[in-house]
Structures are given as structure tokens and as C-alpha cells.
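Participant: Dropping in upload20.cif, which is mmCIF, C-alpha atoms:
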data_my_file
#
loop_
_atom_site.label_atom_id
_atom_site.label_comp_id
_atom_site.auth_asym_id
_atom_site.auth_seq_id
_atom_site.Cartn_x
_atom_site.Cartn_y
_atom_site.Cartn_z
CA MET A 1 -4.77 -5.41 30.83
CA ARG A 2 -2.28 -3.85 28.48
CA ALA A 3 -3.04 -2.15 25.20
CA VAL A 4 -0.76 -0.56 22.69
CA ALA A 5 -2.08 1.94 20.18
CA VAL A 6 -0.12 3.42 17.32
CA GLY A 7 -1.19 6.19 14.99
CA LEU A 8 0.03 8.93 12.77
CA LEU A 9 -1.00 12.51 13.25
CA LEU A 10 -0.58 14.82 10.30
CA ALA A 11 -0.15 18.40 11.39
CA VAL A 12 -1.02 19.77 8.00
CA SER A 13 -4.01 22.05 7.62
CA GLY A 14 -6.51 21.06 5.02
CA MET A 15 -5.42 17.43 4.88
CA ALA A 16 -7.13 14.40 6.30
CA GLY A 17 -6.94 10.69 5.68
CA CYS A 18 -7.16 7.27 7.20
CA ALA A 19 -4.56 4.56 7.33
CA SER A 20 -4.41 1.23 9.03
CA ILE A 21 -1.50 -0.29 10.86
CA PRO A 22 -0.13 -3.39 9.12
CA LEU A 23 -1.29 -6.54 10.92
CA SER A 24 2.30 -7.69 11.55
CA THR A 25 3.02 -4.42 13.36
CA ALA A 26 -0.15 -4.60 15.45
CA VAL A 27 0.74 -8.14 16.55
CA ARG A 28 4.33 -7.16 17.35
CA LEU A 29 3.28 -4.11 19.37
CA SER A 30 0.53 -5.94 21.25
CA SER A 31 3.05 -8.53 22.44
CA MET A 32 5.49 -5.86 23.67
CA SER A 33 5.49 -5.50 27.44
CA PRO A 34 6.00 -2.21 29.27
CA ALA A 35 9.18 -3.70 30.74
CA THR A 36 10.52 -4.30 27.23
CA LEU A 37 9.82 -0.71 26.27
CA ALA A 38 11.45 0.46 29.51
CA GLN A 39 14.70 -1.21 28.41
CA VAL A 40 14.90 0.67 25.11
CA ASP A 41 18.08 2.69 24.63
CA PRO A 42 16.78 6.16 23.63
CA SER A 43 19.84 6.79 21.45
CA GLN A 44 18.85 3.86 19.20
CA VAL A 45 15.20 4.78 18.53
CA ARG A 46 14.66 5.57 14.84
CA VAL A 47 11.78 6.89 12.72
CA ARG A 48 11.75 6.71 8.92
CA ILE A 49 9.29 8.72 6.83
CA ALA A 50 9.00 8.35 3.05
CA LEU A 51 7.32 11.11 1.02
CA PRO A 52 6.92 11.54 -2.74
CA GLN A 53 9.67 13.56 -4.34
CA GLY A 54 8.65 17.22 -4.28
CA VAL A 55 6.93 16.95 -0.88
CA GLU A 56 9.16 17.92 2.03
CA LEU A 57 9.08 16.92 5.68
CA ASP A 58 9.07 19.73 8.24
CA VAL A 59 11.83 18.07 10.27
CA ALA A 60 11.89 20.79 12.94
CA SER A 61 8.26 19.94 13.83
CA ALA A 62 8.54 16.13 13.61
CA ARG A 63 7.81 14.31 16.89
CA LEU A 64 7.52 10.80 18.21
CA ASN A 65 4.74 10.91 20.81
CA LEU A 66 4.56 8.38 23.64
CA GLU A 67 1.88 8.27 26.29
CA VAL A 68 1.89 5.91 29.25
CA SER A 69 -1.30 5.60 31.31
CA THR A 70 -1.25 3.69 34.60
CA ASP A 71 -4.39 3.33 36.71
CA GLY A 72 -5.88 6.70 35.78
CA ARG A 73 -2.53 8.49 35.72
CA SER A 74 -1.15 9.58 32.36
CA GLN A 75 2.21 10.89 31.22
CA ARG A 76 2.69 12.07 27.63
CA GLU A 77 5.93 13.10 25.99
CA ALA A 78 6.38 14.66 22.53
CA LEU A 79 9.91 13.55 21.67
CA PRO A 80 11.63 15.87 19.16
CA LEU A 81 13.31 14.20 16.19
CA VAL A 82 16.38 15.28 14.25
CA LEU A 83 17.45 14.32 10.77
CA ILE A 84 20.13 11.66 10.32
CA ASN A 85 20.00 11.55 6.52
CA THR A 86 17.81 11.44 3.43
CA THR A 87 17.93 8.97 0.58
CA LYS A 88 16.09 8.63 -2.72
CA GLU A 89 14.29 5.34 -3.32
CA THR A 90 11.15 3.97 -4.91
CA ARG A 91 8.16 2.60 -3.03
CA SER A 92 5.10 0.69 -4.14
CA PRO A 93 1.89 2.62 -3.46
CA GLY A 94 -0.17 -0.56 -3.78
CA LEU A 95 -1.19 -3.40 -6.03
CA PHE A 96 -1.46 -2.64 -9.73
CA ARG A 97 0.30 0.71 -9.30
CA SER A 98 3.77 1.61 -10.50
CA ASP A 99 6.54 2.24 -7.99
CA MET A 100 6.93 5.92 -7.20
CA PRO A 101 10.10 7.90 -6.45
CA VAL A 102 10.29 9.00 -2.81
CA VAL A 103 12.62 10.79 -0.44
CA VAL A 104 13.18 8.83 2.76
CA TYR A 105 13.94 10.83 5.89
CA GLN A 106 15.70 8.88 8.64
CA LEU A 107 15.34 10.51 12.06
CA ARG A 108 16.44 9.90 15.63
CA LEU A 109 15.50 11.39 18.99
CA ASP A 110 17.35 14.59 19.82
CA GLU A 111 18.98 15.00 23.26
CA THR A 112 15.78 16.41 24.77
CA GLY A 113 13.77 13.51 23.35
CA GLN A 114 16.25 10.99 24.73
CA GLN A 115 15.98 12.55 28.21
CA SER A 116 12.17 12.52 27.98
CA LEU A 117 12.17 8.83 27.04
CA ARG A 118 14.39 8.09 30.05
CA ARG A 119 11.77 9.82 32.26
CA LEU A 120 9.01 7.74 30.67
CA ARG A 121 10.93 4.56 31.44
CA GLN A 122 10.39 5.28 35.16
CA GLU A 123 6.63 5.38 34.56
CA LEU A 124 6.83 2.13 32.59
CA MET A 125 8.47 0.37 35.54
CA ARG A 126 5.70 1.34 38.01
CA SER A 127 3.32 -1.43 38.91
CA GLY A 128 -0.24 -1.40 37.63
CA ASN A 129 -2.14 -1.83 34.40
CA LYS A 130 -0.70 0.20 31.56
CA THR A 131 -1.83 1.56 28.26
CA ILE A 132 0.91 2.71 25.91
CA ALA A 133 0.14 4.91 22.94
CA MET A 134 2.65 5.84 20.22
CA SER A 135 2.12 8.30 17.39
CA VAL A 136 4.25 10.30 14.98
CA ASP A 137 3.66 13.95 14.12
CA ALA A 138 5.00 14.28 10.59
CA PRO A 139 4.02 17.63 9.12
CA PHE A 140 5.01 18.19 5.54
CA PHE A 141 5.08 21.11 3.17
CA GLY A 142 6.38 22.09 -0.23
CA LEU A 143 3.50 20.49 -2.08
CA PRO A 144 3.81 21.00 -5.84
CA ASN A 145 0.92 23.08 -7.24
CA GLY A 146 -2.03 20.95 -8.24
CA THR A 147 -1.19 18.03 -5.95
CA ARG A 148 -4.46 16.19 -5.23
CA GLU A 149 -3.15 13.51 -2.88
CA VAL A 150 0.01 12.45 -1.06
CA THR A 151 1.01 8.86 -0.36
CA PHE A 152 3.40 8.34 2.55
CA TRP A 153 5.07 5.68 4.68
CA VAL A 154 6.18 5.75 8.34
CA ASP A 155 8.41 3.10 9.94
CA THR A 156 10.09 2.86 13.32
CA LYS A 157 12.51 0.72 15.23
CA LEU A 158 13.38 0.75 18.90
CA SER A 159 16.88 -0.69 18.49
CA LEU A 160 19.48 -0.48 15.76
CA ALA A 161 19.46 -4.30 15.67
CA ASP A 162 15.69 -4.43 15.01
CA ALA A 163 14.11 -4.59 11.59
CA TRP A 164 12.03 -1.58 10.54
CA MET A 165 8.44 -1.83 11.77
CA PRO A 166 5.93 -0.24 9.36
CA LEU A 167 3.46 1.99 11.19
CA ILE A 168 1.86 3.42 8.06
CA ASP A 169 2.34 1.52 4.81
CA GLY A 170 1.51 3.58 1.73
CA ALA A 171 -1.40 5.61 3.13
CA THR A 172 -2.88 8.28 0.90
CA VAL A 173 -4.28 11.59 2.10
CA LYS A 174 -6.29 13.99 -0.03
CA VAL A 175 -5.09 17.56 -0.47
CA ASN A 176 -7.68 20.34 -0.32
CA TRP A 177 -6.51 23.58 -1.89
CA SER A 178 -8.36 26.63 -0.57
#
Using C-alpha cells, write down the structure from this file.
Facilitator:
Amino acid sequence: MRAVAVGLLLAVSGMAGCASIPLSTAVRLSSMSPATLAQVDPSQVRVRIALPQGVELDVASARLNLEVSTDGRSQREALPLVLINTTKETRSPGLFRSDMPVVVYQLRLDETGQQSLRRLRQELMRSGNKTIAMSVDAPFFGLPNGTREVTFWVDTKLSLADAWMPLIDGATVKVNWS
């Protein structure tokens, strides 16, 4: 039996929230075989994170986490990301809400992350039942004073030819000022 789990971990103290994976992404990931993931070119993996203007991503701490479990054996890699570029756009935070200005950070795996993904590919090719978990650590900072909540988006793609796959689509987390 194969299962694929995707989540977002926010490494920001004092913040918590829940977000669901879009159904289209869950279906796409559940149909992905370990062999397909083993064929991914690490240099083409991309992560895109959109944050409201005024909120900054801590790029140096951003990670794409992959864990492969095979018959009681588990290998987890925290793959460092580096910035490709930033753009300014607008995103819809939901029905009946006005589009909001965001800064979109496009990231790729750094050299260390690419090497780690190559090591994980060996584990993916081993026989046995596999569970694959993917998450993104996306710590942010630079919150404007008085911010009560932050809405964000996280997308990924495993190949430059792929369309962006939304992992988190306009999730909102509450900000607790202490």
C-alpha cells in the first residue's frame, strides 16, 4: 500500500493554523508512484510561496522535506531551498474577498538539496511498500505591527514542464502578539 502525505509546517513561534490540500493535488499525489518520484531531476524541482506584501519569507530557513518509509525503515531529508526570484502579483484569498497584493518567492533546491534528493531516489527504488511524505518549512518574519492574520499560498512542481501544483491554497493563520 502506498500513501502520500503533504503538509506545510510553519516554523514561526506564536502562529498556528490549519489548511487543507486542494482535492486536485491530493488526487495527483496519490496517483504518483515511488518510481515516478525516483525519476525526478532534482535541478528542476520548484517551490513557490506567496505572502502578503509586508510579510517576508526567511529564505535561508526554507526547506522542502521528503520522507520515504519502507517496511519500517524511514529516511527523511530536509532539502534546503534557494531563491530564484520574487515577483509582485495579486491573489484571491477566497470567495467574496478582494484580491490582495502578494510577493511570490520562487525557490529551487540548492546543491546540497539536489544531492540529498538523489540519495532519496535510491530508497525509492528499493522494493517494498512505501509511504512518502512531503512538507515545506516556510518560516516568515517582518510582520507589520498589528497584523492579526496572514494568508499564504504554497505551490510546487517536480519538473519545469509540469504545471504548478497547489499544496496550500490561501490558508490563513492567526498571529498572536505577546
Participant: Counting all atoms listed in the file, note down every residue that has an atom within 12 Å of the point (11.0, 13.3, 1.8) (file coordinates), as a ChimeraX atom specification.
Facilitator: /A:48-59,83,85-90,101-107,138-143,150-154
Participant: Once the PyMOL selection byres ((chain A and resi 79) around 9) is applied to the coordinates I shared, what remains selected? I want it as a list in words.
Facilitator: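 When the PyMOL selection byres ((chain A and resi 79) around 9) is applied to the shown file, the picked residues are Ala62, Arg63, Leu64, Asn65, Leu66, Glu77, Ala78, Pro80, Leu81, Leu109, Asp110, Thr112, Gly113, Gln114, Gln115, Ser116 and Leu117 of chain A.
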Participant: Is it possible to get the axis-aligned box enclosing stretch 80-93 of chain A (all listed atoms, 5 Å extra per side) as JSON, with centre and edge lengths in Å rounded to one decimal?
Facilitator:
{"center_x": 11.0, "center_y": 8.3, "center_z": 7.1, "size_x": 28.2, "size_y": 25.2, "size_z": 34.1}
Participant: Please determine, counting only C-alpha atoms, which residue among A:Thr36, A:Gln122, A:Ser98, A:Ser61 has the shortest atom-to-atom distance to A:Gln75.
Facilitator: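 Using only C-alpha atoms, A:Gln75 sits closest to A:Gln122.
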Participant: Which residue is closest to A:Pro42? Choose from A:Met100, A:Val173, A:Ser159, A:Asn129 and count only C-alpha atoms.
Facilitator: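 Of A:Met100, A:Val173, A:Ser159, A:Asn129, the one nearest A:Pro42 is A:Ser159, counting only C-alpha atoms.
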Participant: Please determine, counting all atoms listed in the file, which residue among A:Gln39, A:Gln44, A:Ser33, A:Ser135 has the shortest atom-to-atom distance to A:Asp162.
Facilitator: A:Gln44
Participant: So the first atom is atom CA of A:Ala60 and the second is atom CA of A:Ile84; what is the distance between them in Å, to one decimal place?
Facilitator: 12.6 Å
Participant: Work out how far atom CA of A:Trp164 is from atom CA of A:Met125, in Å to one decimal.
Facilitator: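 Interatomic distance here is 25.3 Å.
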Participant: Could you tell me how far atom CA of A:Arg148 lies from atom CA of A:Pro166, in Å and to one decimal?
Facilitator: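 Atom CA of A:Pro166 lies at a distance of 24.3 Å from atom CA of A:Arg148.
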Participant: Please enumerate the residues selected by the PyMOL selection byres ((chain A and resi 123) around 9) when evaluated against the supplied file, formatted as a list in words.
Facilitator: Ala38, Val68, Ser69, Thr70, Gln75, Arg119, Leu120, Arg121, Gln122, Leu124, Met125, Arg126 and Ser127 of chain A
